[in-house]
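Undergrad: Just one file: target-v3.csv, with CSV, N, CA and C atoms.
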```csv
chain,number,residue,atom,x,y,z
A,1,MET,N,99.8,41.6,3.7
A,1,MET,CA,100.9,40.9,4.3
A,1,MET,C,102.1,41.9,4.3
A,2,ALA,N,102.6,42.2,5.5
A,2,ALA,CA,103.7,43.2,5.7
A,2,ALA,C,105.0,42.4,5.7
A,3,THR,N,106.0,43.0,5.1
A,3,THR,CA,107.4,42.4,5.1
A,3,THR,C,108.4,43.4,5.6
A,4,PHE,N,109.2,43.0,6.5
A,4,PHE,CA,110.2,43.8,7.1
A,4,PHE,C,111.6,43.2,7.0
A,5,TYR,N,112.6,43.9,6.5
A,5,TYR,CA,114.0,43.4,6.5
A,5,TYR,C,114.7,43.8,7.7
A,6,LYS,N,115.3,42.8,8.4
A,6,LYS,CA,115.9,43.1,9.7
A,6,LYS,C,117.1,42.2,9.9
A,7,ASN,N,117.8,42.5,11.0
A,7,ASN,CA,118.9,41.6,11.4
A,7,ASN,C,119.0,41.4,12.9
A,8,ALA,N,119.6,40.4,13.3
A,8,ALA,CA,119.7,40.1,14.7
A,8,ALA,C,121.2,39.9,15.0
A,9,LYS,N,121.7,40.4,16.1
A,9,LYS,CA,123.2,40.3,16.4
A,9,LYS,C,123.4,39.9,17.8
A,10,VAL,N,124.4,39.0,18.0
A,10,VAL,CA,124.9,38.7,19.4
A,10,VAL,C,126.4,38.6,19.4
A,11,ASP,N,126.9,39.0,20.6
A,11,ASP,CA,128.4,38.8,20.9
A,11,ASP,C,128.4,37.7,21.9
A,12,LEU,N,129.0,36.6,21.5
A,12,LEU,CA,129.0,35.4,22.4
A,12,LEU,C,130.0,35.5,23.5
A,13,THR,N,129.6,36.0,24.6
A,13,THR,CA,130.6,36.3,25.7
A,13,THR,C,130.6,35.1,26.7
A,14,THR,N,129.8,34.1,26.5
A,14,THR,CA,129.8,32.9,27.3
A,14,THR,C,129.8,31.7,26.4
A,15,THR,N,129.8,30.5,27.1
A,15,THR,CA,129.8,29.2,26.3
A,15,THR,C,128.4,28.6,26.4
A,16,GLY,N,127.4,29.3,27.0
A,16,GLY,CA,126.1,28.8,27.1
A,16,GLY,C,125.3,29.2,25.9
A,17,ALA,N,124.2,28.5,25.7
A,17,ALA,CA,123.3,28.7,24.5
A,17,ALA,C,122.7,30.1,24.7
A,18,THR,N,122.8,30.9,23.6
A,18,THR,CA,122.3,32.3,23.5
A,18,THR,C,121.3,32.5,22.4
A,19,ALA,N,120.2,33.0,22.8
A,19,ALA,CA,119.1,33.3,21.7
A,19,ALA,C,119.6,34.3,20.7
A,20,LEU,N,119.6,34.0,19.5
A,20,LEU,CA,119.9,34.9,18.4
A,20,LEU,C,118.6,35.6,18.0
A,21,TYR,N,117.5,34.8,17.9
A,21,TYR,CA,116.2,35.3,17.4
A,21,TYR,C,115.0,34.5,17.9
A,22,THR,N,114.0,35.1,18.3
A,22,THR,CA,112.7,34.4,18.6
A,22,THR,C,111.6,35.0,17.7
A,23,THR,N,110.9,34.2,17.0
A,23,THR,CA,109.9,34.7,16.1
A,23,THR,C,108.7,35.2,16.9
A,24,PRO,N,108.3,36.4,16.7
A,24,PRO,CA,107.1,37.0,17.4
A,24,PRO,C,105.8,36.3,17.0
A,25,GLU,N,104.8,36.5,17.9
A,25,GLU,CA,103.5,35.9,17.6
A,25,GLU,C,102.9,36.4,16.3
A,26,ALA,N,102.3,35.5,15.5
A,26,ALA,CA,101.7,35.9,14.2
A,26,ALA,C,102.7,36.3,13.1
A,27,LYS,N,103.9,35.9,13.3
A,27,LYS,CA,104.9,36.2,12.3
A,27,LYS,C,105.7,35.0,11.9
A,28,THR,N,106.4,35.1,10.7
A,28,THR,CA,107.3,34.1,10.2
A,28,THR,C,108.5,34.8,9.8
A,29,ALA,N,109.7,34.2,10.0
A,29,ALA,CA,111.0,34.9,9.6
A,29,ALA,C,111.6,33.9,8.5
A,30,VAL,N,112.3,34.6,7.5
A,30,VAL,CA,113.0,33.8,6.6
A,30,VAL,C,114.5,34.4,6.6
A,31,PHE,N,115.4,33.6,7.2
A,31,PHE,CA,116.8,34.0,7.3
A,31,PHE,C,117.5,33.7,6.0
A,32,ARG,N,118.2,34.7,5.5
A,32,ARG,CA,118.9,34.6,4.3
A,32,ARG,C,120.4,34.4,4.5
A,33,SER,N,120.8,34.8,5.7
A,33,SER,CA,122.3,34.8,6.0
A,33,SER,C,122.5,34.7,7.5
A,34,ILE,N,123.4,33.8,8.0
A,34,ILE,CA,123.9,33.8,9.3
A,34,ILE,C,125.4,33.8,9.3
A,35,LEU,N,126.0,35.0,9.6
A,35,LEU,CA,127.4,35.1,9.6
A,35,LEU,C,128.0,35.0,10.9
A,36,VAL,N,129.1,34.3,11.0
A,36,VAL,CA,129.8,34.1,12.3
A,36,VAL,C,131.3,34.6,12.1
A,37,ALA,N,131.6,35.6,12.8
A,37,ALA,CA,132.9,36.2,12.7
A,37,ALA,C,133.7,35.9,14.0
A,38,ASP,N,134.9,35.4,13.8
A,38,ASP,CA,135.8,35.0,14.9
A,38,ASP,C,136.9,36.1,15.0
A,39,ASP,N,136.8,36.9,16.1
A,39,ASP,CA,137.8,38.0,16.2
A,39,ASP,C,139.0,37.7,17.1
A,40,SER,N,139.2,36.4,17.2
A,40,SER,CA,140.4,36.0,18.0
A,40,SER,C,141.5,35.5,17.1
A,41,GLY,N,142.6,35.2,17.6
A,41,GLY,CA,143.7,34.6,16.8
A,41,GLY,C,143.6,33.1,16.8
A,42,SER,N,142.6,32.6,17.4
A,42,SER,CA,142.4,31.1,17.5
A,42,SER,C,141.1,30.7,16.9
A,43,THR,N,141.1,29.5,16.3
A,43,THR,CA,139.8,29.0,15.8
A,43,THR,C,138.9,28.6,17.0
A,44,SER,N,137.6,28.5,16.7
A,44,SER,CA,136.6,28.1,17.7
A,44,SER,C,135.6,27.2,16.9
A,45,THR,N,134.5,26.9,17.6
A,45,THR,CA,133.4,26.2,17.0
A,45,THR,C,132.1,26.8,17.5
A,46,ILE,N,131.0,26.7,16.7
A,46,ILE,CA,129.7,27.2,17.0
A,46,ILE,C,128.7,26.1,16.7
A,47,THR,N,127.7,26.1,17.5
A,47,THR,CA,126.5,25.2,17.3
A,47,THR,C,125.3,26.1,17.2
A,48,LEU,N,124.5,25.8,16.2
A,48,LEU,CA,123.2,26.5,15.9
A,48,LEU,C,122.1,25.5,16.0
A,49,THR,N,121.1,25.9,16.9
A,49,THR,CA,119.9,25.1,17.1
A,49,THR,C,118.6,25.9,16.8
A,50,LEU,N,117.6,25.1,16.5
A,50,LEU,CA,116.2,25.7,16.4
A,50,LEU,C,115.3,25.0,17.4
A,51,THR,N,114.7,25.8,18.3
A,51,THR,CA,113.8,25.2,19.2
A,51,THR,C,112.4,25.5,18.8
A,52,ASN,N,111.5,24.5,18.6
A,52,ASN,CA,110.2,24.8,18.1
A,52,ASN,C,109.2,25.1,19.2
A,53,SER,N,108.0,25.4,18.9
A,53,SER,CA,107.0,25.9,19.9
A,53,SER,C,106.7,24.8,20.9
A,54,ALA,N,107.0,23.5,20.7
A,54,ALA,CA,106.8,22.4,21.6
A,54,ALA,C,108.1,22.2,22.5
A,55,ALA,N,109.1,23.1,22.4
A,55,ALA,CA,110.3,23.0,23.1
A,55,ALA,C,111.3,21.9,22.6
A,56,ALA,N,111.0,21.3,21.5
A,56,ALA,CA,111.9,20.3,20.9
A,56,ALA,C,113.1,21.0,20.2
A,57,VAL,N,114.3,20.5,20.4
A,57,VAL,CA,115.5,21.2,19.9
A,57,VAL,C,116.0,20.4,18.7
A,58,PHE,N,116.3,21.2,17.6
A,58,PHE,CA,116.8,20.6,16.4
A,58,PHE,C,118.1,21.2,16.1
A,59,VAL,N,119.2,20.4,16.0
A,59,VAL,CA,120.5,20.9,15.7
A,59,VAL,C,120.7,21.2,14.2
A,60,LEU,N,121.0,22.4,13.9
A,60,LEU,CA,121.2,22.7,12.5
A,60,LEU,C,122.7,22.7,12.1
A,61,TYR,N,123.5,23.1,13.0
A,61,TYR,CA,125.0,22.9,12.9
A,61,TYR,C,125.5,22.5,14.2
A,62,ASN,N,126.3,21.4,14.2
A,62,ASN,CA,126.8,20.9,15.5
A,62,ASN,C,128.3,21.1,15.5
A,63,VAL,N,128.9,21.9,16.3
A,63,VAL,CA,130.3,22.1,16.5
A,63,VAL,C,130.9,22.5,15.1
A,64,LYS,N,130.4,23.5,14.4
A,64,LYS,CA,130.9,23.9,13.1
A,64,LYS,C,132.1,24.8,13.4
A,65,ALA,N,133.2,24.5,12.7
A,65,ALA,CA,134.5,25.2,12.9
A,65,ALA,C,134.4,26.6,12.3
A,66,THR,N,135.1,27.5,13.0
A,66,THR,CA,135.2,28.9,12.5
A,66,THR,C,136.7,29.1,12.1
A,67,VAL,N,137.0,30.2,11.5
A,67,VAL,CA,138.3,30.5,11.1
A,67,VAL,C,138.9,31.6,11.9
A,68,ALA,N,140.1,31.5,12.4
A,68,ALA,CA,140.7,32.5,13.3
A,68,ALA,C,140.7,33.8,12.5
A,69,ASN,N,140.2,34.9,13.1
A,69,ASN,CA,140.2,36.2,12.5
A,69,ASN,C,139.4,36.2,11.1
A,70,GLY,N,138.5,35.3,11.0
A,70,GLY,CA,137.7,35.2,9.7
A,70,GLY,C,136.2,35.1,10.0
A,71,THR,N,135.5,35.0,8.8
A,71,THR,CA,134.0,35.0,8.9
A,71,THR,C,133.5,33.7,8.1
A,72,VAL,N,132.5,33.1,8.7
A,72,VAL,CA,131.9,31.9,8.1
A,72,VAL,C,130.4,32.2,7.8
A,73,GLU,N,129.9,31.8,6.7
A,73,GLU,CA,128.5,31.9,6.4
A,73,GLU,C,127.9,30.5,6.6
A,74,LEU,N,126.9,30.5,7.5
A,74,LEU,CA,126.3,29.2,7.9
A,74,LEU,C,125.3,28.7,6.9
A,75,LEU,N,124.5,29.6,6.3
A,75,LEU,CA,123.4,29.2,5.4
A,75,LEU,C,123.8,29.2,3.9
A,76,THR,N,123.3,28.2,3.3
A,76,THR,CA,123.5,28.1,1.8
A,76,THR,C,122.1,28.2,1.1
A,77,GLN,N,121.1,28.1,1.9
A,77,GLN,CA,119.7,28.2,1.5
A,77,GLN,C,118.9,29.0,2.5
A,78,PRO,N,117.8,29.6,2.2
A,78,PRO,CA,117.0,30.3,3.2
A,78,PRO,C,116.5,29.3,4.3
A,79,LEU,N,116.4,29.8,5.5
A,79,LEU,CA,115.9,29.1,6.6
A,79,LEU,C,114.6,29.7,7.2
A,80,VAL,N,113.5,29.0,7.2
A,80,VAL,CA,112.2,29.5,7.7
A,80,VAL,C,112.1,29.2,9.1
A,81,VAL,N,111.8,30.3,9.9
A,81,VAL,CA,111.6,30.1,11.4
A,81,VAL,C,110.2,30.6,11.7
A,82,MET,N,109.4,29.6,12.1
A,82,MET,CA,108.0,29.9,12.3
A,82,MET,C,107.7,30.6,13.7
A,83,GLU,N,106.4,31.0,13.8
A,83,GLU,CA,106.0,31.7,15.1
A,83,GLU,C,106.4,30.9,16.3
A,84,SER,N,107.0,31.6,17.3
A,84,SER,CA,107.5,31.1,18.6
A,84,SER,C,108.7,30.3,18.5
A,85,GLU,N,109.3,30.0,17.4
A,85,GLU,CA,110.5,29.3,17.3
A,85,GLU,C,111.7,30.1,17.7
A,86,ILE,N,112.8,29.5,18.2
A,86,ILE,CA,113.9,30.2,18.7
A,86,ILE,C,115.2,29.7,18.0
A,87,LEU,N,116.0,30.6,17.4
A,87,LEU,CA,117.3,30.2,17.0
A,87,LEU,C,118.3,30.5,18.1
A,88,LYS,N,119.1,29.5,18.5
A,88,LYS,CA,120.1,29.7,19.5
A,88,LYS,C,121.5,29.4,19.0
A,89,VAL,N,122.5,30.1,19.5
A,89,VAL,CA,123.9,29.8,19.1
A,89,VAL,C,124.7,29.5,20.4
A,90,THR,N,125.6,28.6,20.3
A,90,THR,CA,126.5,28.3,21.4
A,90,THR,C,127.9,28.2,20.9
A,91,ALA,N,128.8,29.0,21.6
A,91,ALA,CA,130.2,29.0,21.2
A,91,ALA,C,131.0,28.1,22.1
A,92,ALA,N,132.0,27.5,21.5
A,92,ALA,CA,132.9,26.6,22.3
A,92,ALA,C,133.8,27.4,23.3
A,93,ASN,N,134.1,28.6,22.8
A,93,ASN,CA,135.0,29.5,23.6
A,93,ASN,C,134.3,30.9,23.8
A,94,ALA,N,134.3,31.4,25.0
A,94,ALA,CA,133.7,32.7,25.2
A,94,ALA,C,134.6,33.9,24.6
A,95,ASN,N,133.9,35.0,24.3
A,95,ASN,CA,134.6,36.2,23.8
A,95,ASN,C,135.4,36.1,22.6
A,96,ARG,N,134.9,35.2,21.7
A,96,ARG,CA,135.6,35.1,20.4
A,96,ARG,C,134.7,35.3,19.2
A,97,LEU,N,133.4,35.0,19.3
A,97,LEU,CA,132.5,35.0,18.2
A,97,LEU,C,131.4,36.0,18.2
A,98,HIS,N,131.2,36.6,17.0
A,98,HIS,CA,130.0,37.5,16.8
A,98,HIS,C,129.2,36.9,15.8
A,99,VAL,N,127.8,37.0,16.0
A,99,VAL,CA,126.9,36.4,15.0
A,99,VAL,C,125.9,37.4,14.5
A,100,VAL,N,125.7,37.5,13.2
A,100,VAL,CA,124.7,38.4,12.6
A,100,VAL,C,123.9,37.6,11.7
A,101,GLY,N,122.6,37.6,11.9
A,101,GLY,CA,121.6,37.0,11.1
A,101,GLY,C,120.8,38.0,10.3
A,102,SER,N,120.6,37.9,9.0
A,102,SER,CA,119.8,38.8,8.2
A,102,SER,C,118.6,38.0,7.8
A,103,TYR,N,117.4,38.6,8.0
A,103,TYR,CA,116.2,37.9,7.8
A,103,TYR,C,115.1,38.9,7.3
A,104,ILE,N,114.0,38.3,6.8
A,104,ILE,CA,112.8,39.0,6.4
A,104,ILE,C,111.7,38.5,7.3
A,105,GLU,N,111.0,39.4,8.0
A,105,GLU,CA,110.0,39.1,8.9
A,105,GLU,C,108.6,39.4,8.2
A,106,ILE,N,107.8,38.4,8.2
A,106,ILE,CA,106.5,38.5,7.5
A,106,ILE,C,105.3,38.3,8.5
A,107,SER,N,104.4,39.3,8.3
A,107,SER,CA,103.2,39.2,9.2
A,107,SER,C,101.9,39.2,8.4
```
Would you write the structure of this file as structure tokens?

TA:
Amino acid sequence: MATFYKNAKVDLTTTGATALYTTPEAKTAVFRSILVADDSGSTSTITLTLTNSAAAVFVLYNVKATVANGTVELLTQPLVVMESEILKVTAANANRLHVVGSYIEIS
């Protein structure tokens, strides 16, 4: 079993759902951290969803508030993302939020 430490990053330049991470075939990911940084002088919100291999969408955070010019940690426990599942983030306001997820990928 191979283990790789990685991160995924997105700059949310739109208000549409943006894929943060898609688990590759024959792999599992364990997210230890998902940081959301707001680089504007105004607060915003973020929504985090998990889409499974059957295309069902599960909301993990719905309209979670951010802090103006601050950073919010979304996870308090590890999050397992199985093969072909997709983590997506959606910002309420474009060009304010950056998201960095740190994870372990296992094959």

Undergrad: What's the 6 Å shell around A:Lys9, counting only N, CA and C atoms, without same-chain residues fewer than 3 positions away, as a list of chain:residue names?

TA: A:Val99, A:Val100, A:Gly101

Undergrad: As a list in words, please: the residues near stretch 83-93 of chain A (cut-off 6 Å, all atoms listed in the file, same-chain neighbours under 2 positions excluded).

TA: Thr14, Thr15, Gly16, Ala17, Thr18, Ala19, Leu20, Tyr21, Thr22, Thr23, Pro24, Glu25, Ala26, Lys27, Thr28, Ala29, Ser44, Thr45, Ile46, Thr47, Leu48, Thr49, Leu50, Thr51, Asn52, Ser53, Val81, Asn95 and Arg96 of chain A

Undergrad: Those same residues - N, CA and C atoms - I'd like them written as a short mmCIF file (atom, residue, chain, number, x, y, z; two decimals), in the coordinates of the input.

TA:
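Output below, filename out_12.cif:
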```
data_model
loop_
_atom_site.label_atom_id
_atom_site.label_comp_id
_atom_site.auth_asym_id
_atom_site.auth_seq_id
_atom_site.Cartn_x
_atom_site.Cartn_y
_atom_site.Cartn_z
N THR A 14 129.80 34.10 26.50
CA THR A 14 129.80 32.90 27.30
C THR A 14 129.80 31.70 26.40
N THR A 15 129.80 30.50 27.10
CA THR A 15 129.80 29.20 26.30
C THR A 15 128.40 28.60 26.40
N GLY A 16 127.40 29.30 27.00
CA GLY A 16 126.10 28.80 27.10
C GLY A 16 125.30 29.20 25.90
N ALA A 17 124.20 28.50 25.70
CA ALA A 17 123.30 28.70 24.50
C ALA A 17 122.70 30.10 24.70
N THR A 18 122.80 30.90 23.60
CA THR A 18 122.30 32.30 23.50
C THR A 18 121.30 32.50 22.40
N ALA A 19 120.20 33.00 22.80
CA ALA A 19 119.10 33.30 21.70
C ALA A 19 119.60 34.30 20.70
N LEU A 20 119.60 34.00 19.50
CA LEU A 20 119.90 34.90 18.40
C LEU A 20 118.60 35.60 18.00
N TYR A 21 117.50 34.80 17.90
CA TYR A 21 116.20 35.30 17.40
C TYR A 21 115.00 34.50 17.90
N THR A 22 114.00 35.10 18.30
CA THR A 22 112.70 34.40 18.60
C THR A 22 111.60 35.00 17.70
N THR A 23 110.90 34.20 17.00
CA THR A 23 109.90 34.70 16.10
C THR A 23 108.70 35.20 16.90
N PRO A 24 108.30 36.40 16.70
CA PRO A 24 107.10 37.00 17.40
C PRO A 24 105.80 36.30 17.00
N GLU A 25 104.80 36.50 17.90
CA GLU A 25 103.50 35.90 17.60
C GLU A 25 102.90 36.40 16.30
N ALA A 26 102.30 35.50 15.50
CA ALA A 26 101.70 35.90 14.20
C ALA A 26 102.70 36.30 13.10
N LYS A 27 103.90 35.90 13.30
CA LYS A 27 104.90 36.20 12.30
C LYS A 27 105.70 35.00 11.90
N THR A 28 106.40 35.10 10.70
CA THR A 28 107.30 34.10 10.20
C THR A 28 108.50 34.80 9.80
N ALA A 29 109.70 34.20 10.00
CA ALA A 29 111.00 34.90 9.60
C ALA A 29 111.60 33.90 8.50
N SER A 44 137.60 28.50 16.70
CA SER A 44 136.60 28.10 17.70
C SER A 44 135.60 27.20 16.90
N THR A 45 134.50 26.90 17.60
CA THR A 45 133.40 26.20 17.00
C THR A 45 132.10 26.80 17.50
N ILE A 46 131.00 26.70 16.70
CA ILE A 46 129.70 27.20 17.00
C ILE A 46 128.70 26.10 16.70
N THR A 47 127.70 26.10 17.50
CA THR A 47 126.50 25.20 17.30
C THR A 47 125.30 26.10 17.20
N LEU A 48 124.50 25.80 16.20
CA LEU A 48 123.20 26.50 15.90
C LEU A 48 122.10 25.50 16.00
N THR A 49 121.10 25.90 16.90
CA THR A 49 119.90 25.10 17.10
C THR A 49 118.60 25.90 16.80
N LEU A 50 117.60 25.10 16.50
CA LEU A 50 116.20 25.70 16.40
C LEU A 50 115.30 25.00 17.40
N THR A 51 114.70 25.80 18.30
CA THR A 51 113.80 25.20 19.20
C THR A 51 112.40 25.50 18.80
N ASN A 52 111.50 24.50 18.60
CA ASN A 52 110.20 24.80 18.10
C ASN A 52 109.20 25.10 19.20
N SER A 53 108.00 25.40 18.90
CA SER A 53 107.00 25.90 19.90
C SER A 53 106.70 24.80 20.90
N VAL A 81 111.80 30.30 9.90
CA VAL A 81 111.60 30.10 11.40
C VAL A 81 110.20 30.60 11.70
N ASN A 95 133.90 35.00 24.30
CA ASN A 95 134.60 36.20 23.80
C ASN A 95 135.40 36.10 22.60
N ARG A 96 134.90 35.20 21.70
CA ARG A 96 135.60 35.10 20.40
C ARG A 96 134.70 35.30 19.20
#
```

Undergrad: Quote the spacing between atom C of A:Thr13 and atom N of A:Thr76 in Å to one decimal place.

TA: 25.5 Å

Undergrad: Among chain A, which ones does DSSP place in strand (DSSP E), written as a compact mmCIF listing (two decimals) with N, CA and C atoms, in the coordinates of the input?

TA:
```txt
# COMPACT_ATOMS: atom_id res chain seq x y z
N THR A 3 106.00 43.00 5.10
CA THR A 3 107.40 42.40 5.10
C THR A 3 108.40 43.40 5.60
N PHE A 4 109.20 43.00 6.50
CA PHE A 4 110.20 43.80 7.10
C PHE A 4 111.60 43.20 7.00
N TYR A 5 112.60 43.90 6.50
CA TYR A 5 114.00 43.40 6.50
C TYR A 5 114.70 43.80 7.70
N LYS A 6 115.30 42.80 8.40
CA LYS A 6 115.90 43.10 9.70
C LYS A 6 117.10 42.20 9.90
N ASN A 7 117.80 42.50 11.00
CA ASN A 7 118.90 41.60 11.40
C ASN A 7 119.00 41.40 12.90
N ALA A 8 119.60 40.40 13.30
CA ALA A 8 119.70 40.10 14.70
C ALA A 8 121.20 39.90 15.00
N LYS A 9 121.70 40.40 16.10
CA LYS A 9 123.20 40.30 16.40
C LYS A 9 123.40 39.90 17.80
N VAL A 10 124.40 39.00 18.00
CA VAL A 10 124.90 38.70 19.40
C VAL A 10 126.40 38.60 19.40
N ASP A 11 126.90 39.00 20.60
CA ASP A 11 128.40 38.80 20.90
C ASP A 11 128.40 37.70 21.90
N LEU A 12 129.00 36.60 21.50
CA LEU A 12 129.00 35.40 22.40
C LEU A 12 130.00 35.50 23.50
N THR A 18 122.80 30.90 23.60
CA THR A 18 122.30 32.30 23.50
C THR A 18 121.30 32.50 22.40
N ALA A 19 120.20 33.00 22.80
CA ALA A 19 119.10 33.30 21.70
C ALA A 19 119.60 34.30 20.70
N LEU A 20 119.60 34.00 19.50
CA LEU A 20 119.90 34.90 18.40
C LEU A 20 118.60 35.60 18.00
N TYR A 21 117.50 34.80 17.90
CA TYR A 21 116.20 35.30 17.40
C TYR A 21 115.00 34.50 17.90
N THR A 22 114.00 35.10 18.30
CA THR A 22 112.70 34.40 18.60
C THR A 22 111.60 35.00 17.70
N THR A 28 106.40 35.10 10.70
CA THR A 28 107.30 34.10 10.20
C THR A 28 108.50 34.80 9.80
N ALA A 29 109.70 34.20 10.00
CA ALA A 29 111.00 34.90 9.60
C ALA A 29 111.60 33.90 8.50
N VAL A 30 112.30 34.60 7.50
CA VAL A 30 113.00 33.80 6.60
C VAL A 30 114.50 34.40 6.60
N PHE A 31 115.40 33.60 7.20
CA PHE A 31 116.80 34.00 7.30
C PHE A 31 117.50 33.70 6.00
N ARG A 32 118.20 34.70 5.50
CA ARG A 32 118.90 34.60 4.30
C ARG A 32 120.40 34.40 4.50
N SER A 33 120.80 34.80 5.70
CA SER A 33 122.30 34.80 6.00
C SER A 33 122.50 34.70 7.50
N ILE A 34 123.40 33.80 8.00
CA ILE A 34 123.90 33.80 9.30
C ILE A 34 125.40 33.80 9.30
N LEU A 35 126.00 35.00 9.60
CA LEU A 35 127.40 35.10 9.60
C LEU A 35 128.00 35.00 10.90
N VAL A 36 129.10 34.30 11.00
CA VAL A 36 129.80 34.10 12.30
C VAL A 36 131.30 34.60 12.10
N ALA A 37 131.60 35.60 12.80
CA ALA A 37 132.90 36.20 12.70
C ALA A 37 133.70 35.90 14.00
N ASP A 38 134.90 35.40 13.80
CA ASP A 38 135.80 35.00 14.90
C ASP A 38 136.90 36.10 15.00
N THR A 45 134.50 26.90 17.60
CA THR A 45 133.40 26.20 17.00
C THR A 45 132.10 26.80 17.50
N ILE A 46 131.00 26.70 16.70
CA ILE A 46 129.70 27.20 17.00
C ILE A 46 128.70 26.10 16.70
N THR A 47 127.70 26.10 17.50
CA THR A 47 126.50 25.20 17.30
C THR A 47 125.30 26.10 17.20
N LEU A 48 124.50 25.80 16.20
CA LEU A 48 123.20 26.50 15.90
C LEU A 48 122.10 25.50 16.00
N THR A 49 121.10 25.90 16.90
CA THR A 49 119.90 25.10 17.10
C THR A 49 118.60 25.90 16.80
N LEU A 50 117.60 25.10 16.50
CA LEU A 50 116.20 25.70 16.40
C LEU A 50 115.30 25.00 17.40
N THR A 51 114.70 25.80 18.30
CA THR A 51 113.80 25.20 19.20
C THR A 51 112.40 25.50 18.80
N VAL A 57 114.30 20.50 20.40
CA VAL A 57 115.50 21.20 19.90
C VAL A 57 116.00 20.40 18.70
N PHE A 58 116.30 21.20 17.60
CA PHE A 58 116.80 20.60 16.40
C PHE A 58 118.10 21.20 16.10
N VAL A 59 119.20 20.40 16.00
CA VAL A 59 120.50 20.90 15.70
C VAL A 59 120.70 21.20 14.20
N LEU A 60 121.00 22.40 13.90
CA LEU A 60 121.20 22.70 12.50
C LEU A 60 122.70 22.70 12.10
N TYR A 61 123.50 23.10 13.00
CA TYR A 61 125.00 22.90 12.90
C TYR A 61 125.50 22.50 14.20
N ASN A 62 126.30 21.40 14.20
CA ASN A 62 126.80 20.90 15.50
C ASN A 62 128.30 21.10 15.50
N VAL A 63 128.90 21.90 16.30
CA VAL A 63 130.30 22.10 16.50
C VAL A 63 130.90 22.50 15.10
N LYS A 64 130.40 23.50 14.40
CA LYS A 64 130.90 23.90 13.10
C LYS A 64 132.10 24.80 13.40
N ALA A 65 133.20 24.50 12.70
CA ALA A 65 134.50 25.20 12.90
C ALA A 65 134.40 26.60 12.30
N THR A 71 135.50 35.00 8.80
CA THR A 71 134.00 35.00 8.90
C THR A 71 133.50 33.70 8.10
N VAL A 72 132.50 33.10 8.70
CA VAL A 72 131.90 31.90 8.10
C VAL A 72 130.40 32.20 7.80
N GLU A 73 129.90 31.80 6.70
CA GLU A 73 128.50 31.90 6.40
C GLU A 73 127.90 30.50 6.60
N LEU A 79 116.40 29.80 5.50
CA LEU A 79 115.90 29.10 6.60
C LEU A 79 114.60 29.70 7.20
N VAL A 80 113.50 29.00 7.20
CA VAL A 80 112.20 29.50 7.70
C VAL A 80 112.10 29.20 9.10
N VAL A 81 111.80 30.30 9.90
CA VAL A 81 111.60 30.10 11.40
C VAL A 81 110.20 30.60 11.70
N ILE A 86 112.80 29.50 18.20
CA ILE A 86 113.90 30.20 18.70
C ILE A 86 115.20 29.70 18.00
N LEU A 87 116.00 30.60 17.40
CA LEU A 87 117.30 30.20 17.00
C LEU A 87 118.30 30.50 18.10
N LYS A 88 119.10 29.50 18.50
CA LYS A 88 120.10 29.70 19.50
C LYS A 88 121.50 29.40 19.00
N VAL A 89 122.50 30.10 19.50
CA VAL A 89 123.90 29.80 19.10
C VAL A 89 124.70 29.50 20.40
N THR A 90 125.60 28.60 20.30
CA THR A 90 126.50 28.30 21.40
C THR A 90 127.90 28.20 20.90
N ALA A 91 128.80 29.00 21.60
CA ALA A 91 130.20 29.00 21.20
C ALA A 91 131.00 28.10 22.10
N LEU A 97 133.40 35.00 19.30
CA LEU A 97 132.50 35.00 18.20
C LEU A 97 131.40 36.00 18.20
N HIS A 98 131.20 36.60 17.00
CA HIS A 98 130.00 37.50 16.80
C HIS A 98 129.20 36.90 15.80
N VAL A 99 127.80 37.00 16.00
CA VAL A 99 126.90 36.40 15.00
C VAL A 99 125.90 37.40 14.50
N VAL A 100 125.70 37.50 13.20
CA VAL A 100 124.70 38.40 12.60
C VAL A 100 123.90 37.60 11.70
N GLY A 101 122.60 37.60 11.90
CA GLY A 101 121.60 37.00 11.10
C GLY A 101 120.80 38.00 10.30
N SER A 102 120.60 37.90 9.00
CA SER A 102 119.80 38.80 8.20
C SER A 102 118.60 38.00 7.80
N TYR A 103 117.40 38.60 8.00
CA TYR A 103 116.20 37.90 7.80
C TYR A 103 115.10 38.90 7.30
N ILE A 104 114.00 38.30 6.80
CA ILE A 104 112.80 39.00 6.40
C ILE A 104 111.70 38.50 7.30
N GLU A 105 111.00 39.40 8.00
CA GLU A 105 110.00 39.10 8.90
C GLU A 105 108.60 39.40 8.20
N ILE A 106 107.80 38.40 8.20
CA ILE A 106 106.50 38.50 7.50
C ILE A 106 105.30 38.30 8.50
```

Undergrad: Using Å and a single decimal, report how far atom CA of A:Glu73 sits from atom C of A:Asp38.

TA: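 Computed distance, atom C of A:Asp38 to atom CA of A:Glu73, equals 12.7 Å.
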
Undergrad: Skip A:Thr71 itself and residues of its chain fewer than 2 positions away, then list as a short mmCIF file (atom, residue, chain, number, x, y, z; two decimals) with N, CA and C atoms, in the frame of the given file all residues within 9 Å of it, counting only C-alpha atoms.

TA:
```cif
data_model
loop_
_atom_site.label_atom_id
_atom_site.label_comp_id
_atom_site.auth_asym_id
_atom_site.auth_seq_id
_atom_site.Cartn_x
_atom_site.Cartn_y
_atom_site.Cartn_z
N LEU A 35 126.00 35.00 9.60
CA LEU A 35 127.40 35.10 9.60
C LEU A 35 128.00 35.00 10.90
N VAL A 36 129.10 34.30 11.00
CA VAL A 36 129.80 34.10 12.30
C VAL A 36 131.30 34.60 12.10
N ALA A 37 131.60 35.60 12.80
CA ALA A 37 132.90 36.20 12.70
C ALA A 37 133.70 35.90 14.00
N ASP A 38 134.90 35.40 13.80
CA ASP A 38 135.80 35.00 14.90
C ASP A 38 136.90 36.10 15.00
N ASP A 39 136.80 36.90 16.10
CA ASP A 39 137.80 38.00 16.20
C ASP A 39 139.00 37.70 17.10
N THR A 66 135.10 27.50 13.00
CA THR A 66 135.20 28.90 12.50
C THR A 66 136.70 29.10 12.10
N VAL A 67 137.00 30.20 11.50
CA VAL A 67 138.30 30.50 11.10
C VAL A 67 138.90 31.60 11.90
N ALA A 68 140.10 31.50 12.40
CA ALA A 68 140.70 32.50 13.30
C ALA A 68 140.70 33.80 12.50
N ASN A 69 140.20 34.90 13.10
CA ASN A 69 140.20 36.20 12.50
C ASN A 69 139.40 36.20 11.10
N GLU A 73 129.90 31.80 6.70
CA GLU A 73 128.50 31.90 6.40
C GLU A 73 127.90 30.50 6.60
#
```
